[in-house]
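Raw contents of run_39.csv, CSV, C-alpha atoms:
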```
chain,number,residue,atom,x,y,z
A,1,MET,CA,188.5,123.4,66.3
A,2,ASN,CA,189.9,125.6,69.2
A,3,ASN,CA,191.2,123.9,72.3
A,4,ASP,CA,188.3,124.7,74.5
A,5,MET,CA,185.8,123.4,72.0
A,6,LYS,CA,187.9,120.3,71.4
A,7,LEU,CA,187.9,119.6,75.2
A,8,TYR,CA,184.1,120.0,75.2
A,9,TYR,CA,183.7,117.7,72.2
A,10,ASP,CA,186.0,115.1,73.7
A,11,TYR,CA,183.9,115.3,76.9
A,12,THR,CA,180.6,114.7,75.0
A,13,ILE,CA,181.9,111.5,73.4
A,14,SER,CA,183.6,110.2,76.5
A,15,PRO,CA,182.0,107.4,78.5
A,16,LEU,CA,180.5,110.0,80.9
A,17,GLY,CA,179.1,112.0,78.0
A,18,GLN,CA,177.7,108.8,76.3
A,19,LEU,CA,176.1,107.9,79.6
A,20,TYR,CA,174.5,111.3,79.8
A,21,TYR,CA,173.0,110.9,76.3
A,22,GLN,CA,171.9,107.3,76.8
A,23,THR,CA,170.0,108.4,80.0
A,24,VAL,CA,168.3,111.4,78.4
A,25,TRP,CA,167.3,109.3,75.3
A,26,HIS,CA,165.8,106.7,77.6
A,27,GLN,CA,163.7,109.4,79.2
A,28,LEU,CA,162.7,110.7,75.7
A,29,SER,CA,162.0,107.3,74.2
A,30,ASN,CA,158.9,106.3,72.1
A,31,ILE,CA,158.6,109.8,70.4
A,32,LYS,CA,157.4,109.3,66.9
A,33,HIS,CA,155.8,111.3,64.1
A,34,LYS,CA,156.3,114.6,65.9
A,35,LYS,CA,157.6,118.0,64.7
A,36,ILE,CA,160.5,118.9,67.0
A,37,LEU,CA,162.7,122.0,67.6
A,38,ASP,CA,166.1,121.4,69.1
A,39,PHE,CA,167.0,124.8,70.3
A,40,GLY,CA,170.7,125.2,71.1
A,41,SER,CA,171.4,121.9,69.3
A,42,GLY,CA,175.2,122.0,69.8
A,43,PHE,CA,176.8,118.9,68.2
A,44,ALA,CA,173.3,117.7,67.3
A,45,PHE,CA,173.4,114.4,69.1
A,46,ASN,CA,169.8,114.8,70.2
A,47,SER,CA,168.7,116.0,66.7
A,48,ASN,CA,170.2,112.9,65.1
A,49,PHE,CA,168.6,110.6,67.7
A,50,LEU,CA,165.2,112.1,67.3
A,51,ALA,CA,165.3,112.5,63.5
A,52,LYS,CA,165.1,108.7,63.1
A,53,ASP,CA,161.3,108.9,63.7
A,54,ASN,CA,160.5,112.6,63.7
A,55,GLU,CA,160.8,115.8,61.7
A,56,VAL,CA,163.5,117.8,63.5
A,57,ILE,CA,164.7,121.4,63.1
A,58,ALA,CA,168.0,122.1,64.9
A,59,LEU,CA,168.8,125.7,65.7
A,60,GLU,CA,172.3,126.5,66.8
A,61,ARG,CA,174.2,129.8,66.9
A,62,ASP,CA,177.8,128.4,67.0
A,63,ALA,CA,179.0,127.8,63.5
A,64,GLU,CA,181.9,125.7,64.7
A,65,MET,CA,179.6,123.3,66.5
A,66,ILE,CA,177.4,123.0,63.4
A,67,GLU,CA,180.5,122.2,61.3
A,68,ILE,CA,181.5,119.4,63.6
A,69,ALA,CA,178.0,117.9,63.9
A,70,LYS,CA,177.0,115.0,61.8
A,71,ASN,CA,173.6,115.4,60.0
A,72,ASN,CA,171.5,112.2,59.7
A,73,GLY,CA,168.2,113.6,58.6
A,74,TYR,CA,167.4,116.8,60.5
A,75,CYS,CA,167.1,120.4,59.2
A,76,GLN,CA,169.9,122.6,60.4
A,77,ILE,CA,169.5,126.4,60.9
A,78,HIS,CA,172.4,128.6,61.9
A,79,GLY,CA,170.9,131.2,64.2
A,80,ASP,CA,169.7,132.3,67.7
A,81,LEU,CA,166.8,134.1,69.3
A,82,THR,CA,166.3,136.2,66.1
A,83,ALA,CA,165.8,133.1,64.0
A,84,LEU,CA,163.4,131.8,66.7
A,85,LYS,CA,161.4,135.0,66.6
A,86,ASP,CA,160.9,134.4,62.8
A,87,MET,CA,159.1,131.1,63.4
A,88,GLU,CA,155.4,130.9,63.3
A,89,ASP,CA,153.2,130.4,66.4
A,90,GLU,CA,152.4,126.9,67.6
A,91,THR,CA,154.7,125.1,65.1
A,92,PHE,CA,156.2,122.3,67.2
A,93,ASP,CA,154.9,119.4,69.1
A,94,ILE,CA,158.0,119.1,71.2
A,95,ILE,CA,160.9,121.5,72.0
A,96,ILE,CA,164.3,120.3,73.2
A,97,CYS,CA,166.4,122.9,75.1
A,98,HIS,CA,169.3,121.2,76.9
A,99,LEU,CA,172.0,123.0,78.8
A,100,VAL,CA,171.1,126.4,77.2
A,101,PHE,CA,169.6,128.7,79.8
A,102,GLU,CA,172.6,128.6,82.2
A,103,PHE,CA,174.7,130.3,79.5
A,104,ALA,CA,172.1,132.8,78.3
A,105,ASP,CA,171.7,136.4,79.5
A,106,ASN,CA,168.1,136.5,78.2
A,107,ALA,CA,166.7,133.1,79.4
A,108,GLN,CA,163.2,134.4,80.1
A,109,GLU,CA,162.9,136.0,76.6
A,110,ILE,CA,164.1,132.7,75.0
A,111,LEU,CA,161.6,130.7,77.0
A,112,CYS,CA,158.7,132.9,76.2
A,113,GLN,CA,159.5,132.5,72.5
A,114,LEU,CA,159.8,128.8,72.8
A,115,ILE,CA,156.4,128.7,74.5
A,116,ARG,CA,155.0,130.8,71.6
A,117,VAL,CA,156.1,128.3,68.9
A,118,LEU,CA,155.0,125.3,71.0
A,119,LYS,CA,151.6,123.8,70.2
A,120,LYS,CA,148.9,123.7,72.8
A,121,ASP,CA,149.5,120.7,75.0
A,122,GLY,CA,153.0,120.3,73.6
A,123,PHE,CA,155.9,119.8,75.9
A,124,ILE,CA,159.4,121.3,76.4
A,125,SER,CA,162.3,119.1,77.5
A,126,ILE,CA,164.8,121.1,79.5
A,127,VAL,CA,168.1,119.8,80.9
A,128,ARG,CA,169.8,122.0,83.5
A,129,HIS,CA,172.9,121.8,85.6
A,130,ASN,CA,172.0,120.9,89.2
A,131,ARG,CA,174.0,122.8,91.7
A,132,ASN,CA,173.7,120.1,94.3
A,133,GLY,CA,175.3,117.5,92.0
A,134,ARG,CA,178.1,119.9,91.0
A,135,ILE,CA,178.9,120.5,94.7
A,136,ILE,CA,179.1,116.8,95.4
A,137,GLN,CA,181.4,116.2,92.4
A,138,SER,CA,183.7,119.1,93.3
A,139,ILE,CA,184.2,117.7,96.8
A,140,VAL,CA,184.3,113.9,96.2
A,141,GLN,CA,185.8,113.5,92.7
A,142,ASP,CA,187.7,116.8,92.1
A,143,TYR,CA,188.6,117.6,95.7
A,144,ASP,CA,188.2,121.2,94.7
A,145,LEU,CA,187.0,122.7,98.0
A,146,ASN,CA,187.3,126.3,96.7
A,147,GLU,CA,184.8,125.4,93.9
A,148,ALA,CA,182.5,123.8,96.5
A,149,ASP,CA,182.7,126.8,98.7
A,150,LYS,CA,181.8,129.1,95.8
A,151,LEU,CA,178.8,127.0,94.9
A,152,LEU,CA,177.6,126.8,98.4
A,153,LYS,CA,177.6,130.6,98.5
A,154,GLY,CA,175.5,130.7,95.4
A,155,GLU,CA,178.2,131.7,93.0
A,156,TYR,CA,178.6,130.5,89.4
A,157,SER,CA,180.8,127.7,88.0
A,158,TYR,CA,182.8,128.2,84.8
A,159,SER,CA,182.9,126.4,81.5
A,160,SER,CA,186.0,127.0,79.4
A,161,ALA,CA,183.9,126.5,76.2
A,162,PHE,CA,180.9,128.6,77.1
A,163,GLY,CA,181.7,130.9,80.1
A,164,ASP,CA,179.8,131.2,83.4
A,165,ILE,CA,177.3,128.5,84.4
A,166,LYS,CA,174.5,130.5,85.8
A,167,TYR,CA,172.5,128.0,87.9
A,168,TYR,CA,168.8,128.3,88.1
A,169,ASP,CA,166.1,126.0,89.7
A,170,ASN,CA,162.9,124.5,88.6
A,171,GLN,CA,160.7,127.3,90.0
A,172,ASP,CA,162.7,129.8,88.0
A,173,ILE,CA,161.4,128.1,84.8
A,174,ILE,CA,157.8,128.4,86.0
A,175,ASN,CA,158.4,132.1,86.8
A,176,TRP,CA,160.0,132.8,83.5
A,177,SER,CA,157.1,131.1,81.7
A,178,LYS,CA,154.6,133.4,83.4
A,179,ASN,CA,152.8,130.3,84.5
A,180,GLN,CA,152.2,129.1,81.0
A,181,LEU,CA,154.0,125.8,81.7
A,182,TYR,CA,153.7,123.2,84.4
A,183,ILE,CA,156.1,120.5,85.4
A,184,GLN,CA,154.9,117.1,84.3
A,185,THR,CA,158.0,115.1,85.2
A,186,ILE,CA,161.4,115.7,86.8
A,187,TYR,CA,164.2,113.2,86.0
A,188,GLY,CA,167.7,113.1,87.2
A,189,VAL,CA,170.7,112.4,84.9
A,190,ARG,CA,173.9,111.0,86.4
A,191,ALA,CA,173.2,110.5,90.0
A,192,LEU,CA,176.5,109.0,91.0
A,193,ALA,CA,178.4,108.1,87.8
A,194,SER,CA,180.1,111.5,87.8
A,195,LEU,CA,182.0,110.4,90.9
A,196,HIS,CA,183.9,107.6,89.2
A,197,PRO,CA,187.4,108.5,88.1
A,198,PRO,CA,188.3,108.3,84.4
A,199,GLU,CA,190.1,104.9,84.8
A,200,ILE,CA,186.9,103.4,86.2
A,201,GLN,CA,184.7,105.0,83.4
A,202,ALA,CA,187.1,103.5,80.8
A,203,LYS,CA,186.4,99.9,81.9
A,204,GLU,CA,184.6,97.6,79.5
A,205,ASN,CA,180.8,97.6,79.9
A,206,TRP,CA,180.9,100.6,82.3
A,207,ILE,CA,178.4,102.6,80.2
A,208,GLN,CA,175.9,99.7,80.0
A,209,ASP,CA,176.3,98.7,83.7
A,210,MET,CA,176.0,102.2,85.0
A,211,LEU,CA,173.0,103.0,82.8
A,212,LYS,CA,171.1,100.1,84.2
A,213,LEU,CA,172.1,101.1,87.8
A,214,GLU,CA,171.5,104.8,87.3
A,215,LEU,CA,168.0,104.3,85.9
A,216,GLU,CA,167.1,102.4,89.0
A,217,LEU,CA,168.7,105.0,91.3
A,218,LEU,CA,166.9,107.8,89.5
A,219,LYS,CA,163.5,106.4,90.3
A,220,ASN,CA,164.2,107.7,93.8
A,221,GLN,CA,163.6,111.5,94.5
A,222,ASP,CA,166.6,111.6,96.8
A,223,PHE,CA,168.9,110.7,94.0
A,224,ILE,CA,167.2,113.1,91.6
A,225,LYS,CA,167.9,115.9,94.0
A,226,ILE,CA,171.7,115.2,93.9
A,227,ALA,CA,172.0,114.3,90.3
A,228,TYR,CA,174.5,116.2,88.2
A,229,PHE,CA,171.7,117.3,85.9
A,230,ASN,CA,167.9,117.6,86.2
A,231,HIS,CA,165.8,116.8,83.2
A,232,LEU,CA,162.3,118.5,83.2
A,233,ILE,CA,159.4,117.8,81.0
A,234,LEU,CA,157.1,120.9,81.0
A,235,THR,CA,153.7,120.9,79.4
A,236,LYS,CA,152.1,124.0,77.9
A,237,TYR,CA,148.7,124.8,79.4
A,238,SER,CA,145.9,124.6,76.8
A,239,LYS,CA,144.8,128.1,77.7
A,240,ALA,CA,148.3,129.6,77.2
```
How does the structure come out when it is put into structure tokens?
Amino acid sequence: MNNDMKLYYDYTISPLGQLYYQTVWHQLSNIKHKKILDFGSGFAFNSNFLAKDNEVIALERDAEMIEIAKNNGYCQIHGDLTALKDMEDETFDIIICHLVFEFADNAQEILCQLIRVLKKDGFISIVRHNRNGRIIQSIVQDYDLNEADKLLKGEYSYSSAFGDIKYYDNQDIINWSKNQLYIQTIYGVRALASLHPPEIQAKENWIQDMLKLELELLKNQDFIKIAYFNHLILTKYSKA
């Protein structure tokens, strides 16, 4: 595992990473007996979680991430947009696409293909980086005022593992979909937990305590707007 990928993997299994997944899984609870595509599945944490009660196909282009991932019952495909184009129309009840579009140069093309393979009245779960949340963290936790200034000017952030983080907003998704999707629900993920320093995050019961608090905070639209991530549930129009 290269150093950048190791840092990213360590981040995903850290208390902050675990809190992220626990929050998202709470928002995706009670999904059973569905056919699901996890596009850009990464280390396949979502695939493993959903495969307990569903048929899951995980599609990931990074061979190293696939090698690291544990497989507890899902079907793994090594591929990208080309593999997606080979899938039949209206195959999946649900599509998971988390933290993918901000690293893609062809986000609209990917989304249109995801819509094509989604069943009528199916839904897509999209998690995206939220610029507002990143600005708050860069100022309060990191004290990186240069980063905050760049973000306020509309510039990108940078991920050592994946490159530029190209921020987009909720309306961009609707535009890319050519109005074939509508937003059913907008959740926040990590409203304030990202502001805790590592020594606080390492405390016993931090994950459980913060999950309970975050789920309450994130019932409020004001906290959703400043959360580090937004989680959108988008439904496909029957006429699409």
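CA of Gln22 (chain A) is positioned 13.7 Å from CA of Ser47 (chain A).
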| task | Excluding region 58-67 of chain A and residues on its chain fewer than 6 positions from it, collect all residues at most 8 Å away from it, counting only C-alpha atoms, and give them as a PyMOL selection string. | result | chain A and resi 1+37-44+47+74-80
Could you build a table of the residues in region 110-167 of chain A lying no more than 10 Å from region 195-198 of chain A, giving for each the nearest pair of atoms and their separation in Å rounded to one decimal place, using all atoms listed in the file, ordered by chain and ascending residue number, as a Markdown table?
```
| residue | atom | partner | partner_atom | distance |
| --- | --- | --- | --- | --- |
| A:Gly133 | CA | A:Leu195 | CA | 9.8 |
| A:Ile136 | CA | A:Leu195 | CA | 8.3 |
| A:Gln137 | CA | A:Leu195 | CA | 6.0 |
| A:Ser138 | CA | A:Leu195 | CA | 9.2 |
| A:Ile139 | CA | A:Leu195 | CA | 9.6 |
| A:Val140 | CA | A:Leu195 | CA | 6.8 |
| A:Gln141 | CA | A:Leu195 | CA | 5.2 |
| A:Asp142 | CA | A:Leu195 | CA | 8.7 |
```
What are the nearest atom pairs, with distances in Å to one decimal, for all residues of region 209-238 of chain A that come at most 12 Å from region 164-168 of chain A, using all atoms listed in the file, set out by chain and rising residue number as a tab-separated table?
```
residue	atom	partner	partner_atom	distance
A:Tyr228	CA	A:Tyr167	CA	12.0
A:Phe229	CA	A:Tyr167	CA	10.9
A:Asn230	CA	A:Tyr168	CA	10.9
```
| task | Go through A:Trp25, A:Tyr9, A:Trp176, A:Tyr20 and flag the residue nearest Leu192 (chain A), using only C-alpha atoms for the distances. | result | A:Tyr20
| field | Contact residues around region 126-130 of chain A with all atoms listed in the file at 10 Å, ignoring same-chain residues under 5 positions, as an MDAnalysis selection string | value | chainID A and resid 24 95:102 135 165:170 173 186:189 224:234
| remark: Between A:Ile57, A:Tyr8, A:Ala69, A:Phe103, smallest distance to Ile36 (chain A) by only C-alpha atoms belongs to A:Ile57
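If all atoms listed in the file are the atoms counted, then among A:Leu151, A:Leu118, A:Ala193, A:Leu181 the closest residue to Arg131 (chain A) is A:Leu151.
Taking CA of Gly154 (chain A) and CA of Asp172 (chain A) as the two end points, the separation is 14.8 Å.
Counting only C-alpha atoms, the residue from A:Leu7, A:Leu114, A:Leu145, A:Ile68 that sits nearest to Glu90 (chain A) is A:Leu114.
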| remark: One decimal place gives the CA of Ile94 (chain A)-CA of Ser125 (chain A) separation as 7.6 Å
| remark: In terms of all atoms listed in the file, the residue from A:Gly163, A:Gly73, A:Gly17, A:Gly122 at minimal distance from Asn48 (chain A) is A:Gly73
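Closest approach to Lys212 (chain A) among A:Ala83, A:Ile115, A:Ile110, A:Leu19 is made by A:Leu19 (distances from all atoms listed in the file).
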